[in-house]
Structures are given as structure tokens and as C-alpha cells.
$ cat entry.txt   # compact mmCIF, C-alpha atoms
# COMPACT_ATOMS: atom_id res chain seq x y z
CA MET A 798 -100.49 -11.89 150.62
CA ARG A 799 -102.65 -9.16 149.06
CA LEU A 800 -102.63 -7.29 152.35
CA LEU A 801 -98.83 -7.43 152.44
CA ILE A 802 -98.58 -6.10 148.87
CA LEU A 803 -101.04 -3.29 149.67
CA VAL A 804 -99.07 -2.26 152.77
CA THR A 805 -95.82 -2.27 150.76
CA VAL A 806 -97.31 -0.04 148.05
CA ILE A 807 -98.62 2.40 150.66
CA LEU A 808 -95.21 2.60 152.36
CA LEU A 809 -93.40 3.19 149.07
CA SER A 810 -95.88 5.91 148.10
CA THR A 811 -95.39 7.60 151.47
CA GLN A 812 -91.60 7.50 151.08
CA ILE A 813 -91.75 9.08 147.61
CA THR A 814 -94.05 11.81 148.89
CA VAL A 815 -91.62 12.65 151.67
CA ILE A 816 -88.59 12.73 149.38
CA HIS A 817 -90.28 14.73 146.62
CA ALA A 818 -92.37 17.11 148.67
CA GLY A 819 -94.05 19.80 146.60
CA ARG A 820 -95.43 19.57 143.10
CA SER A 821 -95.14 16.54 140.87
CA PHE A 822 -92.00 16.36 138.73
CA GLN A 823 -93.98 16.41 135.50
CA ASP A 824 -96.07 19.48 136.32
CA ALA A 825 -95.81 22.52 134.04
CA ILE A 826 -97.22 25.43 136.04
CA VAL A 827 -98.12 28.77 134.44
CA GLU A 828 -99.02 31.73 136.65
CA ASP A 829 -100.18 34.93 134.98
CA HIS A 830 -99.11 38.12 136.72
CA ALA A 831 -99.36 41.75 135.73
CA TYR A 832 -95.68 42.33 134.98
CA TYR A 833 -94.49 38.81 134.12
CA THR A 834 -96.03 35.45 133.29
CA MET A 835 -94.18 32.77 135.28
CA SER A 836 -93.94 29.25 133.80
CA LEU A 837 -92.34 26.49 135.88
CA TYR A 838 -91.15 23.18 134.46
CA GLN A 839 -89.64 20.22 136.32
CA ASP A 840 -87.75 17.11 135.25
CA ASN A 841 -87.35 18.43 131.68
CA ALA A 842 -91.11 18.72 131.21
CA GLU A 843 -91.91 19.67 127.60
CA GLY A 844 -88.15 19.57 126.91
CA MET A 845 -87.69 22.95 128.60
CA TYR A 846 -84.48 22.01 130.40
CA ASN A 847 -82.84 20.99 127.13
CA LYS A 848 -84.16 24.13 125.46
CA HIS A 849 -83.07 26.70 128.03
CA PHE A 850 -79.90 25.18 129.51
CA VAL A 851 -76.87 27.16 128.32
CA ASP A 852 -73.64 25.18 128.01
CA MET A 853 -71.03 27.37 129.73
CA VAL A 854 -67.99 25.60 128.26
CA GLY A 855 -65.68 28.37 127.09
CA SER A 856 -67.45 31.00 129.17
CA ASP A 857 -65.60 33.75 131.01
CA VAL A 858 -64.91 33.49 134.75
CA HIS A 859 -65.57 36.57 136.87
CA SER A 860 -62.39 36.37 138.92
CA PHE A 861 -63.29 39.09 141.44
CA LEU A 862 -66.63 37.58 142.44
CA SER A 863 -65.30 34.01 142.30
CA SER A 864 -62.65 34.82 144.91
CA HIS A 865 -64.89 36.52 147.49
CA SER A 866 -67.47 35.29 149.96
CA GLN A 867 -69.64 38.43 150.04
CA ALA A 868 -69.27 40.78 147.11
CA ALA A 869 -71.12 42.61 144.35
CA GLU A 870 -69.89 44.23 141.16
CA ALA A 871 -71.62 46.30 138.51
CA ILE A 872 -71.66 44.98 134.96
CA GLU A 873 -73.05 46.21 131.66
CA PRO A 874 -74.71 43.45 129.61
CA GLY A 875 -73.98 45.02 126.25
CA PHE A 876 -77.65 45.62 125.48
CA ILE A 877 -80.43 47.61 127.11
CA PHE A 878 -82.41 45.26 129.33
CA PRO A 879 -86.08 46.01 130.16
CA PHE A 880 -86.66 45.33 133.87
CA TYR A 881 -90.33 45.80 134.82
CA GLY A 882 -90.47 47.89 131.64
CA HIS A 883 -87.62 50.18 132.71
CA LEU A 884 -84.62 50.28 130.38
CA VAL A 885 -81.55 49.27 132.39
CA HIS A 886 -77.96 49.74 131.21
CA LYS A 887 -76.13 48.43 134.29
CA PHE A 888 -76.83 46.20 137.30
CA PHE A 889 -74.95 44.35 140.06
CA VAL A 890 -74.01 40.67 140.14
CA THR A 891 -73.60 39.28 143.67
CA THR A 892 -71.94 36.21 145.15
CA HIS A 893 -75.19 35.36 146.98
CA GLY A 894 -77.09 34.13 143.94
CA PHE A 895 -78.98 37.22 142.79
CA LEU A 896 -78.70 40.24 140.53
CA SER A 897 -79.42 43.61 142.10
CA PHE A 898 -81.09 46.37 140.08
CA SER A 899 -80.68 48.89 142.87
CA PRO A 900 -79.32 52.24 141.64
CA ARG A 901 -76.45 51.88 144.12
CA LEU A 902 -75.03 49.53 146.72
CA HIS A 903 -76.61 49.45 150.18
CA ASN A 904 -76.96 46.89 152.94
CA LEU A 905 -80.61 46.06 152.18
CA MET A 906 -80.20 45.44 148.46
CA TYR A 907 -81.18 41.79 148.94
CA LYS A 908 -84.69 42.89 149.95
CA THR A 909 -85.99 44.19 146.62
CA GLN A 910 -85.08 45.36 143.10
CA TYR A 911 -83.60 41.98 142.27
CA ILE A 912 -83.60 39.02 139.91
CA ALA A 913 -82.89 36.11 142.21
CA PRO A 914 -82.44 32.56 140.87
CA LEU A 915 -81.20 31.39 144.31
CA ARG A 916 -80.79 34.10 146.92
CA VAL A 917 -79.03 32.37 149.81
CA LYS A 918 -75.78 32.94 151.72
CA LEU A 919 -73.39 31.35 149.24
CA ASP A 920 -69.60 31.54 149.47
CA PRO A 921 -67.61 31.09 146.23
CA SER A 922 -64.35 31.73 148.10
CA ARG A 923 -64.43 28.35 149.88
CA SER A 924 -63.15 26.37 146.90
CA GLU A 925 -61.08 26.93 143.78
CA SER A 926 -63.71 24.96 141.84
CA SER A 927 -66.42 27.48 142.82
CA THR A 928 -66.77 30.16 140.16
CA ILE A 929 -69.18 32.71 138.79
CA ASN A 930 -69.22 32.50 134.99
CA TYR A 931 -70.82 34.61 132.32
CA MET A 932 -71.45 34.28 128.60
CA LEU A 933 -72.60 37.21 126.47
CA SER A 934 -74.10 37.26 122.99
CA LYS A 935 -75.75 40.06 121.01
CA ASP A 936 -79.16 39.67 122.68
CA ARG A 937 -78.56 37.39 125.66
CA LEU A 938 -76.50 37.32 128.86
CA THR A 939 -76.14 34.14 130.93
CA ILE A 940 -74.63 34.18 134.42
CA GLN A 941 -73.90 30.89 136.20
CA TRP A 942 -72.97 30.20 139.80
CA THR A 943 -70.90 27.00 139.48
CA ASN A 944 -70.20 24.49 142.28
CA VAL A 945 -70.86 27.11 144.96
CA THR A 946 -71.45 26.06 148.57
CA VAL A 947 -73.27 27.79 151.39
CA ALA A 948 -71.06 29.86 153.71
CA GLU A 949 -69.54 27.64 156.37
CA PRO A 950 -71.47 28.92 159.43
CA PHE A 951 -74.80 28.32 157.67
CA GLU A 952 -74.10 25.12 155.76
CA HIS A 953 -76.28 22.07 156.29
CA PRO A 954 -74.38 19.09 157.81
CA SER A 955 -74.94 17.14 154.60
CA GLY A 956 -73.30 19.96 152.59
CA GLY A 957 -73.70 20.06 148.83
CA ASN A 958 -72.72 22.23 145.86
CA PHE A 959 -75.11 24.47 143.93
CA THR A 960 -74.94 25.06 140.19
CA PHE A 961 -77.58 27.26 138.58
CA GLN A 962 -77.85 29.97 135.96
CA THR A 963 -80.00 32.88 134.90
CA THR A 964 -80.33 34.19 131.36
CA LEU A 965 -81.47 37.73 130.55
CA HIS A 966 -82.88 38.26 127.07
CA ALA A 967 -82.88 41.62 125.32
CA ASN A 968 -86.70 41.49 125.02
CA GLY A 969 -87.04 41.44 128.84
CA ASP A 970 -87.63 37.69 129.33
CA ILE A 971 -85.77 35.99 132.19
CA VAL A 972 -84.94 32.29 132.59
CA PHE A 973 -83.74 30.39 135.67
CA VAL A 974 -82.16 26.96 135.12
CA TYR A 975 -81.30 24.84 138.16
CA ILE A 976 -78.57 22.38 137.15
CA HIS A 977 -77.79 20.86 140.54
CA ILE A 978 -79.55 21.74 143.79
CA PRO A 979 -78.94 19.87 147.09
CA GLU A 980 -82.10 18.74 148.83
CA LEU A 981 -81.51 20.41 152.20
CA LEU A 982 -80.75 23.93 153.40
CA THR A 983 -80.52 25.35 156.91
CA VAL A 984 -82.88 28.14 157.89
CA ASP A 985 -79.87 30.36 158.68
CA ALA A 986 -78.75 30.11 155.06
CA LEU A 987 -81.88 32.04 154.01
CA TYR A 988 -82.53 35.74 154.27
CA ASP A 989 -85.14 36.34 156.99
CA ASP A 990 -86.73 32.94 156.25
CA GLU A 991 -88.02 34.44 152.99
CA PRO A 992 -88.55 32.73 149.61
CA VAL A 993 -85.19 32.23 147.97
CA ALA A 994 -86.05 32.93 144.34
CA GLY A 995 -88.08 35.36 142.27
CA LEU A 996 -88.32 38.95 141.05
CA SER A 997 -88.98 42.22 142.83
CA ASP A 998 -88.93 45.94 142.13
CA ALA A 999 -89.48 49.15 144.09
CA PHE A 1000 -89.46 52.89 143.59
CA LEU A 1001 -87.27 55.38 145.39
CA VAL A 1002 -88.68 58.36 147.29
CA GLY A 1003 -86.52 61.22 148.45
CA ASP A 1004 -83.29 59.49 147.42
CA SER A 1005 -83.43 57.38 150.60
CA GLU A 1006 -86.73 55.47 150.91
CA LEU A 1007 -87.49 52.26 149.02
CA HIS A 1008 -91.12 51.23 148.55
CA VAL A 1009 -91.86 47.82 147.02
CA TYR A 1010 -94.61 47.80 144.41
CA HIS A 1011 -94.29 44.23 143.11
CA THR A 1012 -92.77 40.88 144.11
CA LEU A 1013 -93.12 37.53 142.36
CA ASN A 1014 -91.78 34.53 144.30
CA ILE A 1015 -91.13 30.89 143.45
CA ASP A 1016 -92.12 28.35 146.11
CA ASN A 1017 -88.97 27.03 147.78
CA THR A 1018 -90.19 23.44 147.41
CA ASP A 1019 -90.33 23.85 143.63
CA ILE A 1020 -86.62 24.60 143.35
CA ARG A 1021 -84.74 21.39 142.63
CA THR A 1022 -82.38 19.84 140.10
CA GLN A 1023 -83.54 20.27 136.47
CA THR A 1024 -86.21 22.84 137.31
CA VAL A 1025 -86.65 25.63 134.77
CA VAL A 1026 -88.55 28.86 135.43
CA VAL A 1027 -89.37 31.23 132.56
CA PHE A 1028 -90.53 34.79 133.23
CA THR A 1029 -92.14 36.26 130.13
CA ALA A 1030 -92.23 40.06 130.24
CA GLN A 1031 -95.67 41.63 129.82
CA PRO A 1032 -96.46 45.11 128.44
CA THR A 1033 -96.63 47.79 131.12
CA CYS A 1034 -97.80 51.38 131.25
CA ILE A 1035 -94.32 52.85 131.00
CA THR A 1036 -93.62 51.03 127.73
CA GLN A 1037 -96.46 52.90 126.00
CA LEU A 1038 -95.11 55.80 123.95
CA SER A 1039 -98.23 57.84 123.18
CA CYS A 1040 -101.45 58.95 124.83
CA GLU A 1041 -103.50 56.68 122.57
CA GLU A 1042 -101.38 53.63 123.39
CA CYS A 1043 -101.63 54.48 127.07
CA ALA A 1044 -105.43 54.74 127.00
CA ALA A 1045 -105.70 51.47 125.06
CA MET A 1046 -103.44 49.78 127.61
CA ARG A 1047 -105.76 50.91 130.38
CA LEU A 1048 -108.67 49.11 128.66
CA ASP A 1049 -106.88 45.81 127.98
CA SER A 1050 -104.69 45.27 131.05
CA PRO A 1051 -104.87 45.17 134.85
CA PHE A 1052 -103.02 48.50 134.98
CA ARG A 1053 -104.81 51.83 135.45
CA CYS A 1054 -102.61 53.65 132.96
CA SER A 1055 -102.81 57.42 132.49
CA TRP A 1056 -100.92 59.75 130.18
CA CYS A 1057 -99.25 62.77 131.77
CA PRO A 1058 -98.83 65.50 129.13
CA SER A 1059 -96.39 67.53 131.23
CA VAL A 1060 -93.79 64.74 131.17
CA HIS A 1061 -95.03 62.86 128.05
CA ARG A 1062 -95.16 59.57 129.91
CA CYS A 1063 -97.64 56.81 130.66
CA SER A 1064 -97.85 55.36 134.17
CA ASP A 1065 -100.19 53.92 136.77
CA GLY A 1066 -98.29 55.74 139.52
CA ALA A 1067 -96.27 52.68 140.58
CA ASP A 1068 -92.92 52.49 138.86
CA ARG A 1069 -89.36 53.66 139.37
CA LEU A 1070 -90.19 57.20 138.25
CA ARG A 1071 -92.94 57.64 140.84
CA GLU A 1072 -91.35 60.67 142.48
CA HIS A 1073 -90.99 62.43 139.12
CA TRP A 1074 -94.67 61.63 138.44
CA ASP A 1075 -95.73 63.24 141.73
CA GLN A 1076 -93.48 66.28 141.35
CA ASN A 1077 -95.21 67.11 138.05
CA ASP A 1078 -98.70 66.70 139.52
CA CYS A 1079 -99.41 63.84 137.11
CA GLY A 1080 -101.74 62.12 139.57
CA ARG A 1081 -104.19 65.00 139.13
CA ALA A 1082 -103.67 66.31 135.56
CA ASN A 1083 -103.61 63.34 133.19
CA MET A 1084 -105.46 61.70 130.31
CA SER A 1085 -106.92 58.23 130.63
CA THR A 1086 -109.35 57.86 127.72
CA LEU A 1087 -109.06 57.97 123.93
CA GLU A 1088 -111.48 60.92 123.87
CA GLN A 1089 -109.24 62.94 126.18
CA CYS A 1090 -106.21 62.08 124.05
CA ALA A 1091 -107.99 63.24 120.87
CA ALA A 1092 -109.09 66.48 122.51
CA GLY A 1093 -105.63 67.12 123.95
CA VAL A 1094 -107.02 67.89 127.39
CA GLY A 1095 -107.77 65.73 130.33
CA HIS A 1096 -108.32 65.76 134.04
CA SER A 1097 -108.52 62.82 136.37
CA THR A 1098 -110.13 62.89 139.77
CA VAL A 1099 -109.13 59.28 140.40
CA LYS A 1100 -106.27 59.35 142.87
CA HIS A 1101 -103.44 56.94 142.14
CA THR A 1102 -102.68 54.41 144.83
CA GLU A 1103 -100.05 55.79 147.18
CA TRP A 1104 -97.74 52.78 147.42
CA ARG A 1105 -96.04 52.76 150.81
CA THR A 1106 -94.97 49.14 151.13
CA SER A 1107 -91.53 49.14 152.66
CA SER A 1108 -88.59 47.10 151.47
CA THR A 1109 -88.35 45.65 154.98
CA ASP A 1110 -92.03 44.85 155.49
CA ASN A 1111 -93.92 43.59 152.45
CA ALA A 1112 -97.19 43.15 154.33
CA GLU A 1113 -97.99 46.68 155.50
CA ASN A 1114 -99.39 49.53 153.37
CA LEU A 1115 -99.60 53.01 154.80
CA GLU A 1116 -101.68 55.88 153.41
CA ALA A 1117 -99.59 58.96 152.67
CA THR A 1118 -100.84 62.43 153.38
CA ASP A 1119 -101.19 64.89 150.55
CA ASP A 1120 -99.17 67.60 152.28
CA VAL A 1121 -96.35 66.33 154.45
CA SER A 1122 -95.07 69.72 155.49
CA SER A 1123 -98.36 71.50 156.22
CA GLY A 1124 -97.83 71.26 160.00
CA LEU A 1125 -94.58 73.20 159.97
CA ALA A 1126 -94.66 76.97 160.00
CA THR A 1127 -92.18 78.68 157.71
CA SER A 1128 -90.39 80.46 160.55
CA THR A 1129 -89.97 77.27 162.54
CA LEU A 1130 -88.56 75.44 159.52
CA CYS A 1131 -86.05 78.24 158.86
CA SER A 1132 -84.94 78.22 162.49
CA ILE A 1133 -84.33 74.48 162.36
CA ILE A 1134 -82.30 74.80 159.14
CA PHE A 1135 -80.10 77.65 160.42
CA SER A 1136 -79.57 75.94 163.78
CA SER A 1137 -78.53 72.72 162.07
CA LEU A 1138 -76.10 74.54 159.77
CA PHE A 1139 -74.59 76.42 162.71
CA VAL A 1140 -74.05 73.22 164.71
CA ALA A 1141 -72.55 71.46 161.67
CA ILE A 1142 -70.10 74.34 161.11
CA LEU A 1143 -69.05 74.27 164.75
CA LEU A 1144 -68.47 70.51 164.63
CA ALA A 1145 -66.44 70.82 161.42
CA LEU A 1146 -64.27 73.55 162.93
CA GLY A 1147 -63.78 71.47 166.08
CA CYS A 1148 -62.66 68.42 164.09
CA LEU A 1149 -60.32 70.59 162.00
CA PHE A 1150 -58.75 72.08 165.14
CA VAL A 1151 -58.25 68.65 166.74
CA TYR A 1152 -56.72 67.29 163.54
CA LEU A 1153 -54.28 70.17 163.02
CA TYR A 1154 -53.34 70.31 166.69
CA GLY A 1155 -52.74 66.56 166.85
CA ARG A 1156 -50.57 66.53 163.72
CA ARG A 1157 -48.45 69.47 164.94
CA ASN A 1158 -48.14 68.18 168.52
CA PRO A 1159 -47.06 64.51 168.53
CA GLY A 1160 -47.97 62.27 171.44
CA GLY A 1161 -51.12 61.91 173.47
CA LEU A 1162 -54.80 61.42 172.77
CA THR A 1163 -55.09 64.32 170.33
CA GLU A 1164 -52.59 62.79 167.92
CA ARG A 1165 -54.38 59.43 167.99
CA ILE A 1166 -57.71 61.11 167.20
CA ALA A 1167 -56.09 62.99 164.30
CA MET A 1168 -54.61 59.77 162.91
CA ARG A 1169 -58.00 58.07 163.14
CA LEU A 1170 -59.63 60.92 161.18
CA GLU A 1171 -56.93 60.64 158.52
CA ALA A 1172 -57.28 56.83 158.34
CA ASN A 1173 -61.03 57.07 157.76
CA TYR A 1174 -60.46 59.57 154.95
CA LYS A 1175 -57.94 57.32 153.24
CA ARG A 1176 -60.23 54.33 153.51
CA PHE A 1177 -63.42 55.80 152.08
CA GLY A 1178 -62.25 58.74 149.98
CA GLY A 1179 -58.77 57.79 148.82
CA PRO A 1180 -57.57 56.59 145.43
CA ASP A 1181 -58.54 52.95 146.13
CA GLU A 1182 -62.26 53.67 146.34
CA GLN A 1183 -64.37 51.65 143.82
CA GLY A 1184 -67.92 52.89 143.50
CA ASP A 1185 -69.20 49.93 141.50
CA ARG A 1186 -67.58 47.17 143.55
CA VAL A 1187 -67.87 46.06 147.15
CA GLU A 1188 -66.23 43.17 148.93
CA LEU A 1189 -66.16 41.66 152.39
CA GLU A 1190 -64.00 38.54 152.13
CA ARG A 1191 -62.02 36.77 149.47
CA LYS A 1192 -60.26 33.46 149.09
CA ALA A 1193 -57.50 32.72 151.56
CA GLU A 1194 -54.60 33.58 149.30
CA PHE A 1195 -55.86 37.17 148.92
CA ASN A 1196 -57.22 37.68 152.47
CA ASN A 1197 -58.18 41.33 152.11
CA ASN A 1198 -61.04 42.00 154.55
CA ASN A 1199 -63.09 45.09 155.17
CA ASN A 1200 -66.50 45.77 156.62
CA ALA A 1201 -68.31 47.21 153.62
CA SER A 1202 -70.92 44.80 152.32
CA PRO A 1203 -74.25 44.90 150.52
CA PHE A 1204 -75.39 41.99 152.67
CA PRO A 1205 -76.32 41.68 156.34
CA GLY A 1206 -73.61 40.68 158.81
CA GLN A 1207 -73.04 37.13 159.95
CA GLY A 1208 -76.31 35.83 161.40
CA VAL A 1209 -79.98 36.55 160.77
CA PRO A 1210 -80.57 40.17 159.59
CA ASP A 1211 -82.20 42.60 162.00
CA ARG A 1212 -85.98 42.30 161.67
CA ALA A 1213 -86.66 45.41 163.73
CA ASN A 1214 -85.82 47.85 160.92
CA PRO A 1215 -88.26 50.78 160.62
CA ILE A 1216 -90.81 50.70 157.83
CA THR A 1217 -89.04 53.55 156.03
CA VAL A 1218 -85.56 52.46 155.06
CA SER A 1219 -82.85 55.08 154.78
CA PHE A 1220 -79.50 54.31 153.21
$ encode --input "entry.txt" --output "C-alpha cells"
Amino acid sequence: MRLLILVTVILLSTQITVIHAGRSFQDAIVEDHAYYTMSLYQDNAEGMYNKHFVDMVGSDVHSFLSSHSQAAEAIEPGFIFPFYGHLVHKFFVTTHGFLSFSPRLHNLMYKTQYIAPLRVKLDPSRSESSTINYMLSKDRLTIQWTNVTVAEPFEHPSGGNFTFQTTLHANGDIVFVYIHIPELLTVDALYDDEPVAGLSDAFLVGDSELHVYHTLNIDNTDIRTQTVVVFTAQPTCITQLSCEECAAMRLDSPFRCSWCPSVHRCSDGADRLREHWDQNDCGRANMSTLEQCAAGVGHSTVKHTEWRTSSTDNAENLEATDDVSSGLATSTLCSIIFSSLFVAILLALGCLFVYLYGRRNPGGLTERIAMRLEANYKRFGGPDEQGDRVELERKAEFNNNNNASPFPGQGVPDRANPITVSF
């Protein structure tokens, strides 16, 4: 009899472990990171679900996003939000469960510069009960994805609706609240099999290259119904407003802060203004101690880390050279520029000739080419263009498709992208 009871207890324990894989429901996990401290609570541990859940009754429905399967739209929260210490006035809300802090829309915006409570291939357009809601107060913005399902090609056979919210506080703190999360997801519903939730930021180089300098992920197994994640913003170099504050920050934080007198800014060389920092030679001429600040002069021989982690490959760091153009002679560079301009002018004149000839001479291939050129102009440069909004699909009653999207196409995104991403 005792043996039977023991076997039964073991079987029940095994079953519970399988169902609730991951951390215990009552765990409160705190992880200290340089930019944010992440605290994770499950099953209303310490009453955090009751404290941070925002009742969205009476909230506004974002009709554009709620009616599309893949879309993003820029919003202004009504207050200046500090993201990794940078003061942000506007960002994008997407249908795929994340906020993008990219300076503009591009097809790799899901890779970095995001706040992602649940970044999966969701489709609010599948049901009238699926909505994206928002509620704004003086110092807080809450966005909720309500009863949203995964897009049909990627949905798990058992289905399930997702309801979750993120709240941005004016002091920079971020809160994720998971109200209802189905237990199972297909691999295809994820982006590149990556973690589905967390924070990330990058800096832009040359107006076309994104380089990730920080990512903070939540373990996928920790995301379940009644989980709460609180990101508490930490002081950073760029929030220091004087040389003395910058030098003190260097002593009491993991950041190697330095004050650049030519731009009157504190940085460790890894933030969104990295290119501006380099252009003003701040990596060489800076102040990093209180003595240098008092004297008003400083010089640092410590080279800042040259962050070259790509937005498509978070595992590889490449050392940058100090002089990218040293191998090109001036004459060769001028020849390349003039040759390129000459070819571009010839192509433009050729297109203009084909267009005018086709419009004045109806019939034949030339007219069709001219009409195609005109159609492309109307589509991308006409009066209907919306720089802060992009859509791919909407609910059936609207049915207005086009190919512009900030997300990858149907299927797993291309993993063979080069390390340097141009967009």
C-alpha cells in the first residue's frame, strides 16, 4: 500500500513538472542589468498582478491596427519617454505584439530597438473581438493586445487567444502584464526561433547600418497567464548633465562614462548618438575624472569599445578600423563618383525618353513600360502616401492589400542576411 501511494505521488509530481515547465509559480526573480533591473513575478506573487494590471474598460480602440494583420503606426504618448536614457517623443505600435523605437519603418524593425511584451506573428484582423486598445494618463500609457490570435498559417492546432498589455511610465519604467497566454505556440509563429519578449536598442551608423548594443530577454518558459515583468530604468551615461555627474557615474556604475566638452555630453560610446560622438572625436578628447572636470581639460587614451554587433547577428562582434577610407586614393574616389553620376544621368534620361515616347505613341511595349513607371510613382509618391503608417492586410470587409510591411514575408525570415544591414 505504501509503495502504491509513493508511486502515485511520483507520477503526479512528474505530471505537474511537465505541465508547468520552467520556474515555480511563486518565484519572484530579480535580475540586475546595466540599463534596466528586470523583476519577474508569477501567479500574483507579492500581489504584483493586482498592482500592475490596468483595467482597460473604457479604453480607446486603435481601429487601424485592430483591422489589419500586419501593420504599424506611429503614436505620440503625450509625454517624453526615456528609452535606454534617450528621450523619445514618438514610436511605433505594431500588430505583432511589440513597440518599435526605430527612427523609421523598415523590414527588420522586429530585430532590435523594441519593447516587446509578446513578439510573435499575431493577426488582429481574424476576428472582430480582436482589438488593440490604449489608455493614456498624464504620466502613463498602457497598450493592450486583446483576444488576438496567431496568424492562421502559423497557429498551433489547439489555437488560443492572447491578451496582454504593456505600460510605459514617464520615469522610464516598463511593465508587461500577461492576462491570458495559451500554453502552446508553433515554432513558425516566432521570429527566427528567438525569445519572444524583452527589450533591445541599437545605434545607427551612416543612416543605414544598425548595431545592437544591448538586449534583455525574458525566458519563453516564464511567459504564462498572470505573469508580470517590471523593468526599472537605471541611470545611464547620457542622462548625466555635467562633467562632474559624468565622472561620478563612471565610479559608481558598470558604464565607462566620459564627458565630451565639444558636444557637452556624457557617454560610454554605446548609445543612439554614437555616430555624433565619433564625428566630434569624443573617443579621444574627453574627461573621465573629477580632477579633469575641475581643470577643464582632459585627454583619454582609453579607446571606447567599437560596437559592431549587427541587428541580424547578435553573437558576432567585429573590430572596426580607425580609417575606413585610407586605402582609396583621392583620384580613384573622384573617378568613381563622376562615373556613377554620369551613369545615373544616362539612366534617368533613358527612362524619361521611354516614358514620354510611350505616352505619346499608344500601343506596344513602350506604352506598357510608361504606364508601369507612372503606376509606381502614384503608389509610392502620390497623395495617399502615409509616412508614419504601414499596412499589409486588413479585415475582410476592407480587403486593401499591398506589399509594404515592417515584418518579414510569410514564412521564416531569411537568416542569410549580411552582418551589416542596409535599409
$ residues_around --input "entry.txt" --residues "Leu1001 (chain A)" --least-positions-apart "5" --cutoff "10 Å" --atoms "only C-alpha atoms" --output "ChimeraX atom specification"
/A:899-900,1006-1009,1068-1072
$ residues_near_point --input "entry.txt" --point "(-84.6, 26.9, 149.7)" --cutoff "7 Å" --atoms "all atoms listed in the file" --output "ChimeraX atom specification"
/A:982,993,1017-1018
$ atom_distance --input "entry.txt" --atom1 "CA of Leu965 (chain A)" --atom2 "CA of Val1025 (chain A)"
13.8 Å
$ closest_residue --input "entry.txt" --among "A:His859, A:His849, A:Arg916, A:His893" --to "Ile1015 (chain A)" --atoms "all atoms listed in the file"
A:Arg916
$ residues_around --input "entry.txt" --residues "region 1042-1052 of chain A" --least-positions-apart "5" --cutoff "12 Å" --atoms "only C-alpha atoms" --output "ChimeraX atom specification"
/A:829-832,1031-1037,1057-1058,1061-1068,1083-1091,1095,1101-1102
$ closest_residue --input "entry.txt" --among "A:Ala999, A:Leu1138, A:Ile940, A:Leu1143" --to "His966 (chain A)" --atoms "all atoms listed in the file"
A:Ile940
$ atom_distance --input "entry.txt" --atom1 "CA of Thr963 (chain A)" --atom2 "CA of Thr939 (chain A)"
5.7 Å
$ closest_residue --input "entry.txt" --among "A:Asp998, A:Glu1041, A:Asp936, A:Glu828" --to "Thr964 (chain A)" --atoms "all atoms listed in the file"
A:Asp936
$ residues_around --input "entry.txt" --residues "Phe880 (chain A)" --least-positions-apart "4" --cutoff "7 Å" --atoms "only C-alpha atoms" --output "list in words"
Leu884, Val885 and Gly969 of chain A
$ residues_near_point --input "entry.txt" --point "(-85.6, 33.1, 144.8)" --cutoff "6 Å" --atoms "only C-alpha atoms" --output "ChimeraX atom specification"
/A:913-916,992-995
$ closest_residue --input "entry.txt" --among "A:Leu938, A:Ala948, A:Met906, A:Leu933" --to "Asn968 (chain A)" --atoms "only C-alpha atoms"
A:Leu938
$ residues_around --input "entry.txt" --residues "Val827 (chain A)" --least-positions-apart "4" --cutoff "9 Å" --atoms "all atoms listed in the file" --output "PDB file with C-alpha atoms, in the coordinates of the input"
ATOM      1  CA  THR A 834     -96.030  35.450 133.290  1.00  0.00           C
ATOM      2  CA  MET A 835     -94.180  32.770 135.280  1.00  0.00           C
ATOM      3  CA  SER A 836     -93.940  29.250 133.800  1.00  0.00           C
ATOM      4  CA  LEU A 837     -92.340  26.490 135.880  1.00  0.00           C
ATOM      5  CA  TYR A 838     -91.150  23.180 134.460  1.00  0.00           C
TER       6      TYR A 838
END
$ atom_distance --input "entry.txt" --atom1 "CA of Arg1053 (chain A)" --atom2 "CA of Gly1080 (chain A)"
11.5 Å
